[in-house]
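work-v7.pdb follows (PDB, C-alpha atoms):
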```pdb
ATOM      1  CA  MET A   1     120.550  72.502  99.193  1.00  0.00           C
ATOM      2  CA  ALA A   2     117.679  74.949  98.653  1.00  0.00           C
ATOM      3  CA  ASP A   3     114.374  73.844  97.179  1.00  0.00           C
ATOM      4  CA  THR A   4     114.603  75.687  93.849  1.00  0.00           C
ATOM      5  CA  THR A   5     111.072  74.674  92.860  1.00  0.00           C
ATOM      6  CA  GLN A   6     109.644  76.480  95.880  1.00  0.00           C
ATOM      7  CA  GLU A   7     111.927  79.476  95.318  1.00  0.00           C
ATOM      8  CA  THR A   8     110.793  79.681  91.672  1.00  0.00           C
ATOM      9  CA  ALA A   9     107.131  79.475  92.712  1.00  0.00           C
ATOM     10  CA  GLN A  10     107.707  82.260  95.249  1.00  0.00           C
ATOM     11  CA  LEU A  11     109.398  84.419  92.646  1.00  0.00           C
ATOM     12  CA  THR A  12     106.571  83.800  90.192  1.00  0.00           C
ATOM     13  CA  ALA A  13     103.961  84.730  92.816  1.00  0.00           C
ATOM     14  CA  GLN A  14     105.904  87.926  93.618  1.00  0.00           C
ATOM     15  CA  GLU A  15     106.180  88.817  89.933  1.00  0.00           C
ATOM     16  CA  THR A  16     102.442  88.200  89.504  1.00  0.00           C
ATOM     17  CA  ALA A  17     101.652  90.439  92.479  1.00  0.00           C
ATOM     18  CA  GLN A  18     103.844  93.241  91.105  1.00  0.00           C
ATOM     19  CA  ALA A  19     102.458  92.977  87.562  1.00  0.00           C
ATOM     20  CA  THR A  20      98.901  93.001  88.904  1.00  0.00           C
ATOM     21  CA  ALA A  21      99.608  96.091  91.042  1.00  0.00           C
ATOM     22  CA  ASN A  22     101.112  97.852  88.030  1.00  0.00           C
ATOM     23  CA  ALA A  23      98.033  97.019  85.927  1.00  0.00           C
ATOM     24  CA  MET A  24      95.702  98.250  88.674  1.00  0.00           C
ATOM     25  CA  MET A  25      97.636 101.499  89.168  1.00  0.00           C
ATOM     26  CA  ARG A  26      97.479 102.367  85.464  1.00  0.00           C
ATOM     27  CA  ASP A  27      93.716 102.917  85.729  1.00  0.00           C
ATOM     28  CA  ASP A  28      93.414 103.879  89.418  1.00  0.00           C
ATOM     29  CA  SER A  29      92.478 107.564  89.097  1.00  0.00           C
ATOM     30  CA  ALA A  30      91.394 107.978  92.733  1.00  0.00           C
ATOM     31  CA  THR A  31      94.645 106.604  94.116  1.00  0.00           C
ATOM     32  CA  LYS A  32      96.668 108.853  91.822  1.00  0.00           C
ATOM     33  CA  MET A  33      94.547 111.922  92.656  1.00  0.00           C
ATOM     34  CA  LEU A  34      95.219 111.390  96.362  1.00  0.00           C
ATOM     35  CA  GLY A  35      98.962 111.008  95.749  1.00  0.00           C
ATOM     36  CA  MET A  36      99.115 107.445  97.035  1.00  0.00           C
ATOM     37  CA  GLU A  37     102.193 105.418  96.183  1.00  0.00           C
ATOM     38  CA  ILE A  38     102.821 101.693  96.230  1.00  0.00           C
ATOM     39  CA  VAL A  39     105.680 101.060  98.649  1.00  0.00           C
ATOM     40  CA  SER A  40     105.584  97.290  98.215  1.00  0.00           C
ATOM     41  CA  VAL A  41     103.299  94.502  97.135  1.00  0.00           C
ATOM     42  CA  GLY A  42     103.520  90.730  97.413  1.00  0.00           C
ATOM     43  CA  PRO A  43     101.253  87.692  97.496  1.00  0.00           C
ATOM     44  CA  GLY A  44      98.463  88.711  99.885  1.00  0.00           C
ATOM     45  CA  THR A  45     100.277  91.832 101.117  1.00  0.00           C
ATOM     46  CA  SER A  46     100.708  95.479 100.250  1.00  0.00           C
ATOM     47  CA  GLU A  47     102.069  98.705 101.654  1.00  0.00           C
ATOM     48  CA  ILE A  48     100.673 102.004 100.354  1.00  0.00           C
ATOM     49  CA  SER A  49     101.662 105.505 101.495  1.00  0.00           C
ATOM     50  CA  MET A  50     100.076 108.952 101.225  1.00  0.00           C
ATOM     51  CA  ARG A  51     101.257 112.408 102.306  1.00  0.00           C
ATOM     52  CA  VAL A  52      98.455 114.372 104.010  1.00  0.00           C
ATOM     53  CA  ARG A  53      97.932 117.637 102.127  1.00  0.00           C
ATOM     54  CA  PRO A  54      96.073 120.704 103.472  1.00  0.00           C
ATOM     55  CA  ASP A  55      93.115 119.936 101.175  1.00  0.00           C
ATOM     56  CA  MET A  56      92.732 116.568 102.969  1.00  0.00           C
ATOM     57  CA  ALA A  57      91.934 118.175 106.329  1.00  0.00           C
ATOM     58  CA  ASN A  58      88.494 118.184 107.907  1.00  0.00           C
ATOM     59  CA  GLY A  59      86.998 121.154 109.786  1.00  0.00           C
ATOM     60  CA  PHE A  60      89.150 120.349 112.830  1.00  0.00           C
ATOM     61  CA  GLY A  61      92.445 120.592 110.930  1.00  0.00           C
ATOM     62  CA  MET A  62      93.184 116.852 110.979  1.00  0.00           C
ATOM     63  CA  VAL A  63      93.085 114.344 108.134  1.00  0.00           C
ATOM     64  CA  HIS A  64      89.527 113.500 107.157  1.00  0.00           C
ATOM     65  CA  GLY A  65      88.599 110.013 108.388  1.00  0.00           C
ATOM     66  CA  GLY A  66      87.212 109.134 104.971  1.00  0.00           C
ATOM     67  CA  LEU A  67      90.635 109.665 103.431  1.00  0.00           C
ATOM     68  CA  THR A  68      92.310 107.516 106.084  1.00  0.00           C
ATOM     69  CA  PHE A  69      89.705 104.868 105.279  1.00  0.00           C
ATOM     70  CA  THR A  70      90.431 105.260 101.550  1.00  0.00           C
ATOM     71  CA  LEU A  71      94.139 104.676 102.143  1.00  0.00           C
ATOM     72  CA  ALA A  72      93.400 101.502 104.145  1.00  0.00           C
ATOM     73  CA  ASP A  73      90.885 100.323 101.558  1.00  0.00           C
ATOM     74  CA  THR A  74      93.446 100.865  98.792  1.00  0.00           C
ATOM     75  CA  ALA A  75      96.029  98.727 100.602  1.00  0.00           C
ATOM     76  CA  PHE A  76      93.322  96.080 101.049  1.00  0.00           C
ATOM     77  CA  ALA A  77      92.528  96.192  97.314  1.00  0.00           C
ATOM     78  CA  TYR A  78      96.143  95.796  96.229  1.00  0.00           C
ATOM     79  CA  ALA A  79      96.718  92.889  98.646  1.00  0.00           C
ATOM     80  CA  CYS A  80      93.588  90.900  97.842  1.00  0.00           C
ATOM     81  CA  ASN A  81      94.037  91.361  94.086  1.00  0.00           C
ATOM     82  CA  SER A  82      97.712  90.305  94.192  1.00  0.00           C
ATOM     83  CA  TYR A  83      96.921  86.859  92.768  1.00  0.00           C
ATOM     84  CA  ASN A  84      95.731  88.430  89.485  1.00  0.00           C
ATOM     85  CA  ARG A  85      92.129  87.479  90.187  1.00  0.00           C
ATOM     86  CA  LEU A  86      89.573  90.300  90.238  1.00  0.00           C
ATOM     87  CA  THR A  87      88.597  90.608  93.893  1.00  0.00           C
ATOM     88  CA  VAL A  88      86.258  93.118  95.553  1.00  0.00           C
ATOM     89  CA  ALA A  89      85.382  94.133  99.089  1.00  0.00           C
ATOM     90  CA  GLN A  90      82.504  92.200 100.603  1.00  0.00           C
ATOM     91  CA  SER A  91      82.568  94.146 103.876  1.00  0.00           C
ATOM     92  CA  CYS A  92      84.958  96.047 106.116  1.00  0.00           C
ATOM     93  CA  ASP A  93      85.329  97.761 109.476  1.00  0.00           C
ATOM     94  CA  VAL A  94      87.623 100.561 110.556  1.00  0.00           C
ATOM     95  CA  ASP A  95      88.619 101.836 113.984  1.00  0.00           C
ATOM     96  CA  PHE A  96      90.309 105.233 114.207  1.00  0.00           C
ATOM     97  CA  THR A  97      92.850 105.348 117.034  1.00  0.00           C
ATOM     98  CA  ASN A  98      94.627 108.694 116.500  1.00  0.00           C
ATOM     99  CA  ALA A  99      94.231 111.661 114.184  1.00  0.00           C
ATOM    100  CA  GLY A 100      96.570 112.120 111.270  1.00  0.00           C
ATOM    101  CA  GLN A 101      97.857 115.662 110.745  1.00  0.00           C
ATOM    102  CA  ILE A 102      98.607 117.822 107.731  1.00  0.00           C
ATOM    103  CA  GLY A 103     102.129 116.952 106.560  1.00  0.00           C
ATOM    104  CA  ASP A 104     102.029 113.397 107.929  1.00  0.00           C
ATOM    105  CA  VAL A 105     103.030 110.540 105.680  1.00  0.00           C
ATOM    106  CA  LEU A 106     100.510 107.804 106.380  1.00  0.00           C
ATOM    107  CA  THR A 107     101.347 104.222 105.492  1.00  0.00           C
ATOM    108  CA  ALA A 108      98.805 101.409 105.246  1.00  0.00           C
ATOM    109  CA  ARG A 109     100.214  97.889 105.614  1.00  0.00           C
ATOM    110  CA  CYS A 110      97.882  95.084 104.644  1.00  0.00           C
ATOM    111  CA  THR A 111      98.314  91.422 105.542  1.00  0.00           C
ATOM    112  CA  GLU A 112      96.226  88.493 104.418  1.00  0.00           C
ATOM    113  CA  ARG A 113      94.884  86.535 107.397  1.00  0.00           C
ATOM    114  CA  PHE A 114      92.712  83.953 105.670  1.00  0.00           C
ATOM    115  CA  LEU A 115      92.067  82.853 102.094  1.00  0.00           C
ATOM    116  CA  ARG A 116      89.949  79.908 101.031  1.00  0.00           C
ATOM    117  CA  GLY A 117      88.073  79.545  97.779  1.00  0.00           C
ATOM    118  CA  ARG A 118      86.613  82.929  96.884  1.00  0.00           C
ATOM    119  CA  SER A 119      86.699  84.440 100.399  1.00  0.00           C
ATOM    120  CA  GLY A 120      89.487  86.240 102.225  1.00  0.00           C
ATOM    121  CA  ILE A 121      90.123  88.271 105.371  1.00  0.00           C
ATOM    122  CA  TYR A 122      92.729  91.048 105.432  1.00  0.00           C
ATOM    123  CA  ASP A 123      94.009  93.307 108.213  1.00  0.00           C
ATOM    124  CA  VAL A 124      95.391  96.791 107.605  1.00  0.00           C
ATOM    125  CA  GLU A 125      97.246  99.046 110.019  1.00  0.00           C
ATOM    126  CA  VAL A 126      97.626 102.713 109.135  1.00  0.00           C
ATOM    127  CA  THR A 127     100.522 104.497 110.857  1.00  0.00           C
ATOM    128  CA  ASN A 128     102.200 107.859 110.481  1.00  0.00           C
ATOM    129  CA  GLN A 129     105.904 108.479 109.838  1.00  0.00           C
ATOM    130  CA  ASP A 130     106.633 108.140 113.581  1.00  0.00           C
ATOM    131  CA  GLY A 131     104.902 104.751 113.845  1.00  0.00           C
ATOM    132  CA  LEU A 132     101.832 106.184 115.620  1.00  0.00           C
ATOM    133  CA  LEU A 133      98.818 103.952 114.931  1.00  0.00           C
ATOM    134  CA  ILE A 134      96.159 106.018 113.136  1.00  0.00           C
ATOM    135  CA  ALA A 135      93.623 103.324 112.195  1.00  0.00           C
ATOM    136  CA  VAL A 136      92.975  99.592 112.123  1.00  0.00           C
ATOM    137  CA  PHE A 137      90.938  98.174 109.243  1.00  0.00           C
ATOM    138  CA  ARG A 138      89.650  94.659 108.581  1.00  0.00           C
ATOM    139  CA  GLY A 139      88.331  93.779 105.146  1.00  0.00           C
ATOM    140  CA  LYS A 140      86.566  90.713 103.851  1.00  0.00           C
ATOM    141  CA  SER A 141      86.999  89.992 100.166  1.00  0.00           C
ATOM    142  CA  ARG A 142      85.130  88.117  97.473  1.00  0.00           C
ATOM    143  CA  THR A 143      86.939  86.917  94.358  1.00  0.00           C
ATOM    144  CA  LEU A 144      85.108  87.217  91.054  1.00  0.00           C
ATOM    145  CA  GLY A 145      87.899  85.459  89.165  1.00  0.00           C
ATOM    146  CA  GLU A 146      88.668  87.365  85.972  1.00  0.00           C
ATOM    147  CA  LYS A 147      92.299  88.246  85.291  1.00  0.00           C
ATOM    148  CA  ILE A 148      93.385  91.811  86.024  1.00  0.00           C
ATOM    149  CA  ASP A 149      96.619  91.638  84.025  1.00  0.00           C
ATOM    150  CA  PRO A 150      96.030  89.447  80.974  1.00  0.00           C
ATOM    151  CA  ASN A 151      99.789  88.960  80.501  1.00  0.00           C
ATOM    152  CA  SER A 152     100.435  87.449  83.949  1.00  0.00           C
ATOM    153  CA  PRO A 153      99.482  84.072  85.412  1.00  0.00           C
ATOM    154  CA  GLN A 154      96.908  83.702  88.145  1.00  0.00           C
ATOM    155  CA  THR A 155      97.968  82.121  91.401  1.00  0.00           C
ATOM    156  CA  ASP A 156      95.573  80.266  93.647  1.00  0.00           C
ATOM    157  CA  THR A 157      96.640  80.999  97.195  1.00  0.00           C
ATOM    158  CA  ASN A 158      99.313  82.658  99.219  1.00  0.00           C
ATOM    159  CA  PRO A 159     102.134  80.123  99.505  1.00  0.00           C
ATOM    160  CA  ASN A 160     103.075  81.676 102.863  1.00  0.00           C
ATOM    161  CA  LEU A 161      99.854  80.616 104.631  1.00  0.00           C
TER     162      LEU A 161
END
```
As a first step, turn the structure in this file into structure tokens.
Amino acid sequence: MADTTQETAQLTAQETAQATANAMMRDDSATKMLGMEIVSVGPGTSEISMRVRPDMANGFGMVHGGLTFTLADTAFAYACNSYNRLTVAQSCDVDFTNAGQIGDVLTARCTERFLRGRSGIYDVEVTNQDGLLIAVFRGKSRTLGEKIDPNSPQTDTNPNL
């Protein structure tokens, strides 16, 4: 027999993550301007995609590194805020491994690696539509605590860790 209490808690955490992402997206002008879309979101995770347009190219005809960084940072933001607690970047690093090209669909997948108290560590991989690794990003977060979506509960930690 399945543990329905745990299943209900998981469902509630997923619903909280989705409601928080929806609340964030409503006011996220930069993400909308860049054409980013939420593919999925869950407790401590997110997947965000972006099609590379010609106006996103640098002087060498490849996607500007700052925009690749922005995509990774956006995935980081949606993952670390998924508990409905206002959370900001404390620091981050990015390594560019390959150049994205005009027409590519880049996808940033973020996974929570550590969360304790107000501090978290998140890893993001950015790949193109063929699975080619474009960048690796690691972000460290700091939770400030206010609710993002006032109509949803806050959850304390990722039940999957």
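Minimum distance to Ser141 of chain A across A:Gly120, A:Gly66, A:Gly44, A:Gly35 (counting only C-alpha atoms) occurs at A:Gly120.
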Output check: residues returned by the PyMOL selection byres ((chain A and resi 112) around 6), as a compact mmCIF listing (two decimals) with C-alpha atoms, keeping the file's coordinate frame:
```txt
# COMPACT_ATOMS: atom_id res chain seq x y z
CA GLY A 44 98.46 88.71 99.88
CA THR A 111 98.31 91.42 105.54
CA ARG A 113 94.88 86.54 107.40
CA PHE A 114 92.71 83.95 105.67
CA TYR A 122 92.73 91.05 105.43
```
Selection in question (the file shown): the PyMOL selection byres ((chain A and resi 91-98) around 12). Which residues does it include, as a compact mmCIF listing (two decimals) with C-alpha atoms, keeping the file's coordinate frame?
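Written out: expr-v4.txt:
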```txt
# COMPACT_ATOMS: atom_id res chain seq x y z
CA MET A 62 93.18 116.85 110.98
CA VAL A 63 93.08 114.34 108.13
CA HIS A 64 89.53 113.50 107.16
CA GLY A 65 88.60 110.01 108.39
CA GLY A 66 87.21 109.13 104.97
CA LEU A 67 90.64 109.66 103.43
CA THR A 68 92.31 107.52 106.08
CA PHE A 69 89.70 104.87 105.28
CA THR A 70 90.43 105.26 101.55
CA LEU A 71 94.14 104.68 102.14
CA ALA A 72 93.40 101.50 104.14
CA ASP A 73 90.88 100.32 101.56
CA PHE A 76 93.32 96.08 101.05
CA ALA A 77 92.53 96.19 97.31
CA VAL A 88 86.26 93.12 95.55
CA ALA A 89 85.38 94.13 99.09
CA GLN A 90 82.50 92.20 100.60
CA ALA A 99 94.23 111.66 114.18
CA GLY A 100 96.57 112.12 111.27
CA GLN A 101 97.86 115.66 110.74
CA LEU A 106 100.51 107.80 106.38
CA SER A 119 86.70 84.44 100.40
CA GLY A 120 89.49 86.24 102.22
CA ILE A 121 90.12 88.27 105.37
CA TYR A 122 92.73 91.05 105.43
CA ASP A 123 94.01 93.31 108.21
CA VAL A 124 95.39 96.79 107.60
CA GLU A 125 97.25 99.05 110.02
CA VAL A 126 97.63 102.71 109.14
CA THR A 127 100.52 104.50 110.86
CA ASN A 128 102.20 107.86 110.48
CA GLY A 131 104.90 104.75 113.84
CA LEU A 132 101.83 106.18 115.62
CA LEU A 133 98.82 103.95 114.93
CA ILE A 134 96.16 106.02 113.14
CA ALA A 135 93.62 103.32 112.20
CA VAL A 136 92.98 99.59 112.12
CA PHE A 137 90.94 98.17 109.24
CA ARG A 138 89.65 94.66 108.58
CA GLY A 139 88.33 93.78 105.15
CA LYS A 140 86.57 90.71 103.85
CA SER A 141 87.00 89.99 100.17
CA ARG A 142 85.13 88.12 97.47
```
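By chain and then residue number, the residues within 7 Å of Gly103 of chain A are Arg51, Val52 and Arg53 of chain A, counting only C-alpha atoms and disregarding those fewer than 6 positions away in sequence.
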Applying 9 Å and only C-alpha atoms, which residues near segment 16-28 of chain A remain after dropping the ones on its own chain fewer than 2 positions away? List them as a ChimeraX atom specification.
/A:11-14,30-33,38,40-45,78-79,81-85,147-149,151-155
If you take every atom of segment 104-115 of chain A that the file lists and fit an axis-aligned box around them with 4 Å extra on each side, what centre and edge lengths come out in Å to one decimal, as JSON?
```
{"center_x": 97.5, "center_y": 98.1, "center_z": 105.0, "size_x": 19.0, "size_y": 38.5, "size_z": 13.8}
```
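Computed from the coordinates, the atom CA of Glu37 of chain A to atom CA of Gly117 of chain A distance equals 29.5 Å.
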